[in-house]
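As stored in coords06.cif (mmCIF, C-alpha atoms):
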data_input
#
loop_
_atom_site.label_atom_id
_atom_site.label_comp_id
_atom_site.auth_asym_id
_atom_site.auth_seq_id
_atom_site.Cartn_x
_atom_site.Cartn_y
_atom_site.Cartn_z
CA LEU X 7 -107.98 -94.58 -67.77
CA SER X 8 -105.03 -96.94 -67.48
CA LEU X 9 -101.25 -96.67 -67.29
CA ASP X 10 -99.20 -99.53 -68.77
CA GLY X 11 -102.46 -101.49 -68.96
CA SER X 12 -103.29 -101.08 -65.25
CA SER X 13 -106.14 -98.85 -64.12
CA ILE X 14 -105.20 -95.62 -62.35
CA GLN X 15 -108.74 -94.73 -61.33
CA ILE X 16 -110.30 -94.75 -57.88
CA GLY X 17 -113.99 -94.31 -58.41
CA THR X 18 -114.44 -91.56 -60.99
CA ALA X 19 -111.12 -89.85 -60.24
CA GLY X 20 -107.74 -90.47 -61.79
CA THR X 21 -104.68 -90.79 -59.58
CA TYR X 22 -101.14 -90.67 -60.98
CA VAL X 23 -100.24 -88.46 -63.98
CA PRO X 24 -96.80 -89.14 -65.54
CA PRO X 25 -94.31 -86.51 -66.74
CA MET X 26 -94.67 -85.84 -70.46
CA ASP X 27 -91.14 -86.99 -71.31
CA ALA X 28 -91.79 -90.39 -69.72
CA VAL X 29 -94.70 -91.21 -72.05
CA GLN X 30 -94.12 -93.56 -74.98
CA GLU X 31 -97.61 -93.82 -76.44
CA VAL X 32 -101.20 -92.68 -75.81
CA SER X 33 -104.01 -94.88 -77.09
CA VAL X 34 -107.64 -93.74 -77.10
CA GLN X 35 -110.45 -96.18 -77.83
CA GLN X 36 -113.95 -94.81 -78.07
CA SER X 37 -117.32 -96.57 -77.89
CA GLY X 38 -117.47 -100.20 -78.93
CA VAL X 39 -114.26 -101.25 -77.20
CA ASP X 40 -113.44 -104.88 -76.46
CA ALA X 41 -114.96 -106.63 -73.47
CA GLU X 42 -111.60 -106.63 -71.68
CA PHE X 43 -111.92 -102.86 -71.21
CA GLY X 44 -114.66 -102.76 -68.63
CA HIS X 45 -115.51 -100.12 -66.03
CA SER X 46 -116.11 -97.50 -68.71
CA ALA X 47 -119.14 -96.22 -70.56
CA GLY X 48 -117.67 -93.83 -73.11
CA GLY X 49 -114.18 -95.04 -73.95
CA VAL X 50 -110.76 -96.05 -72.71
CA MET X 51 -107.43 -94.23 -72.73
CA ASN X 52 -104.22 -96.13 -72.08
CA VAL X 53 -100.85 -94.44 -71.59
CA SER X 54 -97.70 -96.50 -72.10
CA MET X 55 -94.53 -95.45 -70.29
CA LYS X 56 -91.07 -95.53 -71.82
CA GLY X 57 -88.64 -98.33 -70.99
CA GLY X 58 -84.87 -98.58 -71.12
CA THR X 59 -82.89 -99.95 -74.06
CA ASN X 60 -79.34 -101.13 -74.72
CA GLN X 61 -78.27 -97.53 -75.24
CA VAL X 62 -78.29 -94.76 -72.66
CA HIS X 63 -80.65 -91.92 -73.57
CA GLY X 64 -81.97 -88.99 -71.57
CA THR X 65 -83.56 -85.57 -71.64
CA ALA X 66 -83.43 -82.46 -69.47
CA TYR X 67 -85.59 -79.34 -69.45
CA TYR X 68 -86.34 -76.14 -67.57
CA PHE X 69 -89.13 -73.58 -67.89
CA GLY X 70 -89.11 -70.42 -65.85
CA VAL X 71 -91.08 -67.24 -65.27
CA ASN X 72 -89.58 -64.33 -63.34
CA PRO X 73 -91.65 -61.27 -64.26
CA LEU X 74 -89.35 -58.43 -63.21
CA LEU X 75 -91.10 -56.16 -65.70
CA ASP X 76 -94.69 -57.25 -64.97
CA ALA X 77 -97.36 -54.74 -64.03
CA ARG X 78 -98.81 -54.39 -60.54
CA PRO X 79 -100.91 -57.43 -59.57
CA THR X 80 -104.21 -55.69 -58.71
CA ALA X 81 -105.82 -52.27 -58.82
CA LEU X 82 -106.22 -52.30 -55.03
CA SER X 83 -102.60 -52.96 -54.14
CA THR X 84 -99.39 -51.21 -55.08
CA GLY X 85 -97.23 -54.13 -54.00
CA LYS X 86 -94.82 -55.84 -56.35
CA ASN X 87 -95.92 -58.82 -58.40
CA LEU X 88 -94.72 -61.89 -56.51
CA THR X 89 -95.53 -64.47 -59.21
CA ARG X 90 -92.70 -66.88 -60.00
CA ASN X 91 -92.74 -70.22 -61.81
CA SER X 92 -90.00 -72.82 -62.23
CA ILE X 93 -90.43 -76.27 -63.78
CA TRP X 94 -87.52 -78.61 -64.35
CA GLY X 95 -86.93 -82.29 -64.82
CA GLY X 96 -85.37 -84.97 -66.92
CA THR X 97 -85.28 -88.62 -67.90
CA VAL X 98 -82.57 -91.24 -68.27
CA GLY X 99 -82.84 -94.79 -69.51
CA GLY X 100 -80.39 -97.53 -70.33
CA PRO X 101 -79.20 -101.06 -69.66
CA ILE X 102 -78.39 -102.56 -66.28
CA LYS X 103 -77.38 -105.78 -68.04
CA LYS X 104 -77.17 -105.71 -71.80
CA ASN X 105 -80.04 -107.47 -73.60
CA ARG X 106 -81.51 -108.57 -70.26
CA LEU X 107 -82.19 -105.87 -67.70
CA PHE X 108 -83.14 -102.24 -68.41
CA THR X 109 -84.36 -99.25 -66.45
CA PHE X 110 -85.95 -95.89 -67.20
CA LEU X 111 -86.15 -93.08 -64.64
CA ALA X 112 -88.13 -89.82 -64.96
CA TYR X 113 -88.27 -86.92 -62.53
CA GLU X 114 -90.04 -83.57 -62.56
CA GLN X 115 -90.28 -80.75 -60.02
CA TRP X 116 -92.31 -77.58 -59.98
CA ILE X 117 -92.22 -74.56 -57.69
CA TYR X 118 -94.82 -71.91 -58.36
CA VAL X 119 -95.13 -68.71 -56.35
CA GLU X 120 -98.54 -67.13 -56.84
CA ASN X 121 -99.29 -63.51 -56.03
CA ASN X 122 -102.31 -63.22 -53.73
CA THR X 123 -104.09 -60.23 -52.26
CA ALA X 124 -105.99 -60.48 -48.97
CA THR X 125 -108.73 -57.85 -48.69
CA PHE X 126 -110.92 -57.39 -45.60
CA THR X 127 -113.07 -54.75 -43.93
CA LEU X 128 -112.15 -54.97 -40.23
CA PRO X 129 -113.26 -53.14 -37.07
CA THR X 130 -111.14 -50.17 -36.09
CA ALA X 131 -109.42 -49.96 -32.70
CA LEU X 132 -112.26 -47.71 -31.50
CA GLU X 133 -115.01 -49.99 -32.82
CA ARG X 134 -113.45 -52.96 -31.05
CA THR X 135 -114.27 -51.24 -27.75
CA GLY X 136 -117.90 -50.78 -28.82
CA ASP X 137 -117.48 -47.10 -29.73
CA PHE X 138 -118.97 -46.39 -33.18
CA SER X 139 -119.11 -42.62 -32.72
CA LYS X 140 -116.46 -42.19 -35.45
CA SER X 141 -117.97 -44.76 -37.83
CA LEU X 142 -119.21 -43.18 -41.05
CA THR X 143 -121.17 -44.13 -44.14
CA SER X 144 -119.57 -43.91 -47.59
CA ALA X 145 -121.12 -40.41 -47.84
CA GLY X 146 -119.33 -39.34 -44.68
CA LEU X 147 -122.43 -39.29 -42.45
CA GLN X 148 -122.74 -40.82 -38.99
CA ARG X 149 -123.51 -44.56 -39.08
CA THR X 150 -126.05 -44.94 -36.28
CA ILE X 151 -126.08 -48.15 -34.25
CA TYR X 152 -129.49 -49.26 -32.91
CA ASP X 153 -130.28 -51.54 -30.00
CA PRO X 154 -132.01 -54.72 -31.30
CA ASN X 155 -133.54 -55.26 -27.84
CA SER X 156 -135.49 -52.00 -28.24
CA THR X 157 -137.38 -53.24 -31.32
CA VAL X 158 -141.06 -52.19 -31.33
CA PHE X 159 -143.48 -53.47 -33.95
CA ASN X 160 -146.59 -51.40 -34.70
CA ALA X 161 -149.22 -53.84 -35.94
CA ALA X 162 -151.52 -51.04 -37.07
CA THR X 163 -149.00 -49.42 -39.38
CA GLY X 164 -146.71 -52.41 -39.96
CA SER X 165 -143.71 -50.29 -39.01
CA VAL X 166 -140.74 -51.21 -36.87
CA THR X 167 -138.74 -48.79 -34.76
CA ARG X 168 -135.62 -49.10 -32.63
CA GLN X 169 -133.74 -46.83 -30.28
CA PRO X 170 -130.08 -45.94 -30.98
CA PHE X 171 -127.40 -46.62 -28.39
CA ALA X 172 -126.44 -43.58 -26.37
CA ASN X 173 -123.53 -41.75 -28.00
CA ASN X 174 -123.45 -44.56 -30.59
CA VAL X 175 -121.57 -46.75 -28.10
CA VAL X 176 -122.40 -50.41 -27.35
CA PRO X 177 -122.18 -50.72 -23.52
CA GLN X 178 -119.52 -53.05 -22.18
CA ALA X 179 -122.16 -54.81 -20.06
CA ARG X 180 -124.05 -55.79 -23.22
CA MET X 181 -121.07 -57.32 -24.99
CA ASP X 182 -121.05 -61.07 -25.53
CA ALA X 183 -118.26 -63.01 -23.78
CA THR X 184 -117.67 -65.35 -26.74
CA ALA X 185 -117.49 -62.42 -29.15
CA LEU X 186 -114.90 -60.68 -26.96
CA THR X 187 -112.78 -63.84 -26.92
CA MET X 188 -113.00 -64.18 -30.71
CA LEU X 189 -112.21 -60.48 -31.09
CA ASN X 190 -108.67 -61.24 -29.89
CA ASP X 191 -108.19 -63.30 -33.08
CA ILE X 192 -109.44 -60.57 -35.44
CA TRP X 193 -106.48 -58.56 -36.64
CA LEU X 194 -106.32 -54.78 -36.98
CA PRO X 195 -106.65 -52.77 -40.22
CA ASN X 196 -103.46 -51.73 -42.01
CA ASN X 197 -104.91 -48.76 -43.92
CA PRO X 198 -107.78 -46.22 -43.53
CA GLY X 199 -109.90 -47.83 -46.25
CA ILE X 200 -110.84 -46.88 -49.79
CA ASN X 201 -113.71 -44.57 -48.77
CA LYS X 202 -115.06 -42.63 -45.79
CA ALA X 203 -116.76 -45.80 -44.50
CA GLY X 204 -113.38 -47.53 -44.16
CA THR X 205 -114.19 -50.26 -46.68
CA ASN X 206 -111.27 -52.60 -47.45
CA ASN X 207 -109.16 -51.21 -44.62
CA TYR X 208 -106.92 -54.28 -44.70
CA ILE X 209 -105.11 -55.02 -47.98
CA LEU X 210 -102.03 -57.22 -48.10
CA ASN X 211 -100.07 -58.79 -50.93
CA TYR X 212 -98.54 -62.12 -49.99
CA PRO X 213 -96.90 -65.02 -51.84
CA ARG X 214 -98.52 -68.45 -51.94
CA TYR X 215 -96.18 -71.36 -52.69
CA PHE X 216 -97.15 -74.40 -54.76
CA ARG X 217 -94.65 -77.26 -54.65
CA TYR X 218 -94.78 -80.38 -56.81
CA TRP X 219 -92.55 -83.34 -57.51
CA ASN X 220 -93.10 -86.39 -59.70
CA VAL X 221 -90.91 -89.49 -60.00
CA SER X 222 -91.30 -92.70 -61.98
CA ASP X 223 -89.00 -95.67 -62.47
CA ARG X 224 -89.66 -98.63 -64.75
CA THR X 225 -87.50 -101.74 -64.89
CA ASP X 226 -87.81 -104.40 -67.64
CA TYR X 227 -86.30 -107.87 -67.38
CA ASN X 228 -86.01 -110.29 -70.29
CA VAL X 229 -85.72 -113.52 -68.32
CA SER X 230 -85.70 -115.63 -71.48
CA ASP X 231 -87.03 -115.57 -75.00
CA LYS X 232 -90.38 -116.73 -73.59
CA LEU X 233 -90.69 -114.79 -70.33
CA LYS X 234 -90.59 -111.01 -70.00
CA LEU X 235 -91.21 -109.05 -66.79
CA PHE X 236 -91.52 -105.42 -65.89
CA GLY X 237 -92.26 -103.45 -62.76
CA ARG X 238 -92.83 -99.76 -62.20
CA TYR X 239 -93.17 -97.37 -59.29
CA SER X 240 -94.60 -93.90 -59.85
CA GLY X 241 -95.70 -91.17 -57.50
CA PHE X 242 -96.19 -87.46 -57.09
CA ALA X 243 -96.94 -85.01 -54.31
CA HIS X 244 -98.46 -81.58 -54.77
CA HIS X 245 -98.99 -79.19 -51.92
CA ARG X 246 -99.78 -75.56 -51.39
CA ASP X 247 -98.11 -74.12 -48.32
CA PRO X 248 -100.62 -72.47 -45.97
CA VAL X 249 -99.77 -68.82 -45.27
CA ASN X 250 -100.80 -67.28 -41.96
CA TYR X 251 -100.37 -63.75 -43.25
CA ALA X 252 -102.44 -62.23 -40.38
CA ASN X 253 -100.68 -64.21 -37.64
CA SER X 254 -104.05 -65.42 -36.35
CA PRO X 255 -105.82 -68.80 -36.09
CA ALA X 256 -108.78 -67.12 -37.81
CA THR X 257 -106.81 -66.42 -41.00
CA PRO X 258 -108.69 -68.25 -43.79
CA PRO X 259 -106.74 -71.46 -44.56
CA ASN X 260 -105.19 -71.57 -47.99
CA GLY X 261 -103.18 -74.80 -48.11
CA TYR X 262 -103.75 -78.34 -49.30
CA TYR X 263 -101.83 -81.58 -49.83
CA THR X 264 -102.32 -84.06 -52.67
CA GLU X 265 -100.37 -87.28 -53.06
CA ALA X 266 -100.71 -90.21 -55.45
CA LYS X 267 -98.79 -93.47 -55.84
CA ASN X 268 -99.01 -96.15 -58.50
CA TYR X 269 -97.33 -99.58 -58.59
CA VAL X 270 -97.64 -102.13 -61.38
CA ALA X 271 -95.99 -105.48 -62.14
CA ASP X 272 -96.48 -107.49 -65.32
CA ALA X 273 -95.37 -110.87 -66.65
CA ILE X 274 -95.75 -112.03 -70.27
CA TYR X 275 -95.09 -115.67 -71.14
CA THR X 276 -95.11 -117.06 -74.67
CA LEU X 277 -96.66 -120.54 -74.51
CA THR X 278 -96.36 -121.15 -78.26
CA PRO X 279 -95.41 -118.93 -81.21
CA ASN X 280 -99.14 -118.09 -81.50
CA THR X 281 -100.27 -118.07 -77.86
CA VAL X 282 -99.36 -115.61 -75.09
CA ILE X 283 -100.47 -115.38 -71.48
CA GLU X 284 -100.13 -112.15 -69.47
CA VAL X 285 -100.55 -111.65 -65.72
CA ARG X 286 -100.65 -108.18 -64.20
CA GLY X 287 -101.14 -106.61 -60.77
CA GLY X 288 -101.42 -102.98 -59.75
CA PHE X 289 -101.95 -100.74 -56.73
CA ASP X 290 -103.08 -97.11 -56.51
CA LYS X 291 -103.25 -94.71 -53.59
CA VAL X 292 -104.44 -91.11 -53.38
CA ILE X 293 -104.63 -88.49 -50.60
CA ASP X 294 -106.29 -85.09 -51.02
CA ASP X 295 -106.56 -82.96 -47.84
CA LEU X 296 -107.14 -79.37 -46.89
CA ARG X 297 -104.29 -78.48 -44.56
CA ALA X 298 -103.55 -75.45 -42.41
CA ALA X 299 -102.04 -76.36 -39.05
CA PHE X 300 -102.43 -72.85 -37.66
CA GLN X 301 -106.22 -73.08 -38.15
CA GLU X 302 -106.72 -76.58 -36.78
CA VAL X 303 -107.93 -75.48 -33.34
CA GLY X 304 -109.47 -78.83 -32.32
CA THR X 305 -111.82 -79.33 -29.40
CA ALA X 306 -109.54 -77.32 -27.10
CA GLY X 307 -109.87 -74.28 -29.35
CA LEU X 308 -113.65 -74.45 -29.41
CA THR X 309 -113.76 -74.95 -25.64
CA LYS X 310 -112.01 -71.59 -25.27
CA PHE X 311 -115.12 -70.01 -26.82
CA TRP X 312 -117.73 -72.30 -25.27
CA PRO X 313 -116.56 -73.92 -21.99
CA ASN X 314 -119.76 -75.99 -21.72
CA GLN X 315 -118.74 -77.86 -24.93
CA TRP X 316 -122.25 -77.84 -26.40
CA PHE X 317 -120.67 -78.58 -29.79
CA THR X 318 -119.40 -82.07 -28.89
CA PRO X 319 -122.26 -84.02 -30.60
CA TYR X 320 -121.55 -82.15 -33.83
CA THR X 321 -117.76 -82.42 -33.87
CA LYS X 322 -117.05 -85.82 -32.28
CA ASP X 323 -116.52 -87.55 -35.64
CA MET X 324 -114.59 -84.76 -37.36
CA PRO X 325 -111.01 -85.66 -38.30
CA VAL X 326 -110.01 -81.97 -38.24
CA ILE X 327 -111.70 -79.03 -36.51
CA PHE X 328 -110.94 -75.62 -37.98
CA TYR X 329 -111.54 -72.17 -36.56
CA PRO X 330 -115.27 -71.33 -36.82
CA SER X 331 -116.40 -69.36 -39.87
CA LEU X 332 -117.35 -65.77 -39.02
CA ASN X 333 -119.16 -63.80 -41.72
CA PHE X 334 -119.69 -60.06 -41.34
CA VAL X 335 -122.29 -58.85 -43.85
CA GLY X 336 -123.42 -55.33 -44.68
CA GLY X 337 -122.44 -51.97 -43.29
CA SER X 338 -119.19 -50.74 -44.79
CA GLY X 339 -118.29 -54.09 -46.35
CA THR X 340 -118.49 -57.87 -46.25
CA THR X 341 -115.75 -59.99 -44.68
CA SER X 342 -115.35 -63.70 -43.93
CA ILE X 343 -112.71 -65.22 -41.70
CA GLY X 344 -112.19 -68.70 -40.30
CA LYS X 345 -113.23 -71.74 -42.32
CA SER X 346 -116.68 -73.21 -42.93
CA LEU X 347 -115.94 -76.19 -45.19
CA SER X 348 -113.06 -78.66 -45.20
CA TRP X 349 -112.27 -81.89 -47.00
CA GLN X 350 -110.23 -85.05 -46.61
CA GLU X 351 -110.22 -87.70 -49.34
CA HIS X 352 -108.24 -90.92 -48.96
CA GLY X 353 -108.50 -93.94 -51.22
CA HIS X 354 -106.69 -96.90 -52.67
CA SER X 355 -107.36 -99.68 -55.16
CA TYR X 356 -105.99 -103.07 -56.16
CA ILE X 357 -106.27 -104.55 -59.64
CA TYR X 358 -105.41 -108.08 -60.78
CA SER X 359 -105.82 -109.41 -64.28
CA THR X 360 -104.84 -112.26 -66.53
CA ARG X 361 -105.28 -112.59 -70.28
CA LEU X 362 -104.75 -115.40 -72.78
CA SER X 363 -104.31 -114.38 -76.42
CA SER X 364 -104.00 -116.73 -79.38
CA GLN X 365 -103.73 -116.33 -83.15
CA LYS X 366 -105.72 -119.01 -84.99
CA GLY X 367 -105.37 -118.51 -88.74
CA LYS X 368 -107.29 -115.36 -89.59
CA HIS X 369 -108.79 -115.14 -86.11
CA TYR X 370 -107.32 -113.58 -82.98
CA LEU X 371 -108.88 -114.95 -79.80
CA LYS X 372 -108.68 -113.45 -76.31
CA ALA X 373 -109.96 -114.57 -72.93
CA GLY X 374 -109.20 -113.20 -69.50
CA LEU X 375 -110.30 -112.17 -66.04
CA GLU X 376 -109.91 -108.90 -64.14
CA THR X 377 -110.78 -108.04 -60.57
CA ARG X 378 -110.64 -104.70 -58.77
CA ARG X 379 -110.97 -103.76 -55.15
CA VAL X 380 -111.51 -100.08 -54.38
CA TRP X 381 -111.62 -98.43 -50.95
CA GLY X 382 -112.29 -94.77 -50.26
CA GLN X 383 -112.97 -92.57 -47.27
CA CYS X 384 -114.12 -89.00 -47.73
CA TYR X 385 -114.85 -86.33 -45.13
CA TYR X 386 -116.46 -83.00 -45.93
CA PRO X 387 -116.97 -81.48 -42.48
CA THR X 388 -118.73 -78.16 -42.07
CA THR X 389 -117.52 -76.41 -38.95
CA MET X 390 -119.65 -73.78 -37.23
CA THR X 391 -120.76 -70.90 -39.40
CA TRP X 392 -121.91 -67.68 -37.74
CA GLU X 393 -123.24 -64.71 -39.69
CA PHE X 394 -123.44 -61.22 -38.24
CA GLY X 395 -125.48 -58.83 -40.36
CA ALA X 396 -125.74 -55.05 -40.11
CA GLY X 397 -129.54 -55.40 -40.24
CA LEU X 398 -129.81 -56.49 -36.59
CA THR X 399 -128.34 -53.17 -35.41
CA SER X 400 -129.98 -50.97 -38.05
CA SER X 401 -133.05 -48.78 -37.53
CA THR X 402 -135.49 -51.53 -38.61
CA PHE X 403 -135.61 -55.11 -39.82
CA ILE X 404 -138.06 -54.28 -42.62
CA ASN X 405 -136.16 -53.23 -45.74
CA ALA X 406 -133.28 -51.97 -43.62
CA ASN X 407 -130.86 -49.58 -45.29
CA THR X 408 -127.64 -50.99 -43.89
CA GLY X 409 -125.67 -48.46 -45.88
CA GLN X 410 -126.91 -45.80 -43.47
CA SER X 411 -127.33 -47.56 -40.12
CA GLY X 412 -126.23 -50.70 -38.34
CA ASP X 413 -122.89 -52.47 -38.45
CA PRO X 414 -122.01 -56.19 -38.55
CA TYR X 415 -119.29 -55.75 -35.92
CA ALA X 416 -121.76 -54.06 -33.55
CA THR X 417 -124.05 -57.06 -34.09
CA PHE X 418 -121.08 -59.34 -33.39
CA LEU X 419 -120.19 -57.58 -30.11
CA LEU X 420 -123.79 -58.03 -28.95
CA GLY X 421 -123.66 -61.75 -29.83
CA ALA X 422 -126.80 -61.36 -31.94
CA LEU X 423 -127.38 -64.23 -34.38
CA SER X 424 -129.46 -64.57 -37.54
CA SER X 425 -131.03 -67.44 -39.48
CA PRO X 426 -127.99 -68.46 -41.62
CA ASP X 427 -126.10 -69.52 -38.50
CA SER X 428 -125.42 -73.22 -37.99
CA GLY X 429 -123.53 -75.66 -35.85
CA ALA X 430 -121.57 -78.35 -37.67
CA SER X 431 -122.16 -81.40 -39.82
CA THR X 432 -120.03 -84.10 -41.39
CA ALA X 433 -120.57 -85.87 -44.72
CA TYR X 434 -118.86 -89.14 -45.63
#

Can I see the file as structure tokens?
Amino acid sequence: LSLDGSSIQIGTAGTYVPPMDAVQEVSVQQSGVDAEFGHSAGGVMNVSMKGGTNQVHGTAYYFGVNPLLDARPTALSTGKNLTRNSIWGGTVGGPIKKNRLFTFLAYEQWIYVENNTATFTLPTALERTGDFSKSLTSAGLQRTIYDPNSTVFNAATGSVTRQPFANNVVPQARMDATALTMLNDIWLPNNPGINKAGTNNYILNYPRYFRYWNVSDRTDYNVSDKLKLFGRYSGFAHHRDPVNYANSPATPPNGYYTEAKNYVADAIYTLTPNTVIEVRGGFDKVIDDLRAAFQEVGTAGLTKFWPNQWFTPYTKDMPVIFYPSLNFVGGSGTTSIGKSLSWQEHGHSYIYSTRLSSQKGKHYLKAGLETRRVWGQCYYPTTMTWEFGAGLTSSTFINANTGQSGDPYATFLLGALSSPDSGASTAY
């Protein structure tokens, strides 16, 4: 994939994408392409950008969506549809100096407001104190909480039994200190739930903003009848604003930032009426990051949970440390907060090429050299992931019916962990 003859790829990924109105021509060459088009197995696509002329020309456009008459966004929420979309831009090209110097500028901007619905099953104010005496199943029956420390295995019958907590209350003395600290970051429900078990007792419609801009400027200079030059700068930025709708560092992050830049310069010199030499240089840069400042707790945030800093060997090389991922599975519903996986991708590339072309009678001969230098750095850190299942506080761990007994938040208050839990790792 190339733009004005210069590659816009870093590894297998493309970088800059031009506005549609700035494109002059798209050329696609499939298998069997010339040797000059290396770095490709299946084919080559080259996009040529528009340049200025002796006359001033331009375009302008706007596309908009404002669905005042749209239906409700989801079956779970009665909130208004917040979706909005606005795309506008334009181009202008013309002479700086007639017959010699020309320019062509293109700009595009996009603001998209997406309707999102956050749905969670959260502990009630009573459950946060360890009191599950009012916690029900979907059938309206008492959800009994059992003490995992009372587990008794009968080898003769292969059965497992546990004793329920007195009055269905987890004693304060048994509550885990880390869980109590994290509990401060878990927000309260905003509705009674969709059933007697209190499933989906937090439902919130919120807008998510996508912002995008794209600019490109190409300048052509006819130095003489034999020498022609052009240079171009192009770039775009696309980001999704993170929304802390729960006003908590444990709110799942929902923002990212993507940026790409492309520079190219080209010189064409006519040695003879039949022979042309071309020299070109280009530079590409790309950034693609998950971003949510409110969730980037860092080492200080983790130390609040674990003062002994046992996590240091796992997190010392992480560029960003997010709030740990907490997964609550079973019982009246499944909920995940925090963030388990992040990403940061940064890369750039340089390309230099020269080509000599000559027409000899019926034959057209070409020779040239191209060199590329590509650098990339990618991080895919996995912060701590802790899973709290209803099975650990149910009546048994053999085919437990977590719809009738046990609760993931009771397991959480006890600090009981299961096999899916992990520390952290980083991939490069």

For this session: Pick out the closest residue to X:Tyr212 from this set: X:Tyr251, X:Phe334, X:Tyr356, X:Phe171. Count all atoms listed in the file.
Result: X:Tyr251

For this session: With a distance cut-off of 6 Å and only C-alpha atoms, select the neighbouring residues of X:Gly288, excluding the residue or stretch itself and same-chain residues fewer than 6 positions from it, and output the selection as a PyMOL selection string.
Result: chain X and resi 269-270+356-357

For this session: Pull out every residue that the PyMOL selection byres ((chain X and resi 156) around 10) matches in the shown coordinates and put them as a VMD selection string.
Result: chain X and resid 152 to 155 157 to 159 167 to 171

Prev. selection, C-alpha atoms, output as a PDB file, in the coordinates of the input:
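Okay, part_20.pdb is ready:
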ATOM      1  CA  TYR X 152    -129.490 -49.260 -32.910  1.00  0.00           C
ATOM      2  CA  ASP X 153    -130.280 -51.540 -30.000  1.00  0.00           C
ATOM      3  CA  PRO X 154    -132.010 -54.720 -31.300  1.00  0.00           C
ATOM      4  CA  ASN X 155    -133.540 -55.260 -27.840  1.00  0.00           C
ATOM      5  CA  THR X 157    -137.380 -53.240 -31.320  1.00  0.00           C
ATOM      6  CA  VAL X 158    -141.060 -52.190 -31.330  1.00  0.00           C
ATOM      7  CA  PHE X 159    -143.480 -53.470 -33.950  1.00  0.00           C
ATOM      8  CA  THR X 167    -138.740 -48.790 -34.760  1.00  0.00           C
ATOM      9  CA  ARG X 168    -135.620 -49.100 -32.630  1.00  0.00           C
ATOM     10  CA  GLN X 169    -133.740 -46.830 -30.280  1.00  0.00           C
ATOM     11  CA  PRO X 170    -130.080 -45.940 -30.980  1.00  0.00           C
ATOM     12  CA  PHE X 171    -127.400 -46.620 -28.390  1.00  0.00           C
TER      13      PHE X 171
END

Problem set entry | Contacts of X:Ile14 at 9 Å (all atoms listed in the file; same-chain gap of 6+ positions) as an MDAnalysis selection string | chainID X and resid 7:8 20:23 268 288:290 355

Exercise. At what distance in Å, to one decimal, does atom CA of X:Ile404 lie from atom CA of X:Leu420?
Worked result: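 Answer for the atom CA of X:Leu420 to atom CA of X:Ile404 separation: 20.1 Å.
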
Exercise. Hey, what comes out of the PyMOL selection byres ((chain X and resi 349) around 8) on this file? Could you write it as a PyMOL selection string?
Worked result: chain X and resi 294-296+347-348+350-351+384-387

I'd like to see the residues matched by the PyMOL selection byres ((chain X and resi 55) around 6) on this file, and ideally I'd get them as a short mmCIF file (atom, residue, chain, number, x, y, z; two decimals) with C-alpha atoms, keeping the file's coordinate frame.
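Result file is expr_31.cif:
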data_model
loop_
_atom_site.label_atom_id
_atom_site.label_comp_id
_atom_site.auth_asym_id
_atom_site.auth_seq_id
_atom_site.Cartn_x
_atom_site.Cartn_y
_atom_site.Cartn_z
CA ALA X 28 -91.79 -90.39 -69.72
CA VAL X 29 -94.70 -91.21 -72.05
CA GLN X 30 -94.12 -93.56 -74.98
CA SER X 54 -97.70 -96.50 -72.10
CA LYS X 56 -91.07 -95.53 -71.82
#

Exercise. Taking into account only C-alpha atoms, which residue in the set X:Arg361, X:Arg224, X:Lys310, X:Lys202 is nearest to X:Ser240?
Worked result: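 Nearest to X:Ser240: X:Arg224.
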
Problem set entry | Non-local contacts of X:Leu132 (12 Å; all atoms listed in the file; under 3 positions in same chain excluded) as a PyMOL selection string | chain X and resi 128-129+135-141+174-176+194-195+415-416

Problem set entry | Pairwise distance for atom CA of X:Ala162 and atom CA of X:Ala396, rounded to one decimal in Å | 26.3 Å

Problem set entry | Within 7 Å of X:Gly344 using all atoms listed in the file, minus same-chain residues under 2 positions, as a list in words |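 The filter keeps Ala256, Thr257, Pro258, Tyr329, Pro330, Ser331, Leu332, Ser342 and Ser346 of chain X.
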
Exercise. Counting all atoms listed in the file, which of X:Gly70, X:Pro213, X:Gly241, X:Pro313 gets nearest to X:Thr89?
Worked result: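 Counting all atoms listed in the file, the residue closest to X:Thr89 is X:Pro213.
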
Exercise. With all atoms listed in the file as the basis for distance, which of X:Asn333, X:Thr130, X:Asn91, X:Ser338 is at the shortest distance from X:Ile117?
Worked result: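 Under the stated criterion, the closest residue is X:Asn91.
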
Problem set entry | Proximity to X:Arg297 - best of X:Gly237, X:Pro248, X:Gly336, X:Pro279, only C-alpha atoms |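 Smallest distance to X:Arg297 is found for X:Pro248.
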
Exercise. Please, which residues are within 12 Å of (-103.2, -116.8, -75.8) by the file's coordinates, counting only C-alpha atoms, and could they come as JSON, numbers by chain?
Worked result: {"X": [274, 275, 276, 277, 278, 279, 280, 281, 282, 283, 284, 285, 360, 361, 362, 363, 364, 365, 366, 369, 370, 371, 372, 373, 374]}
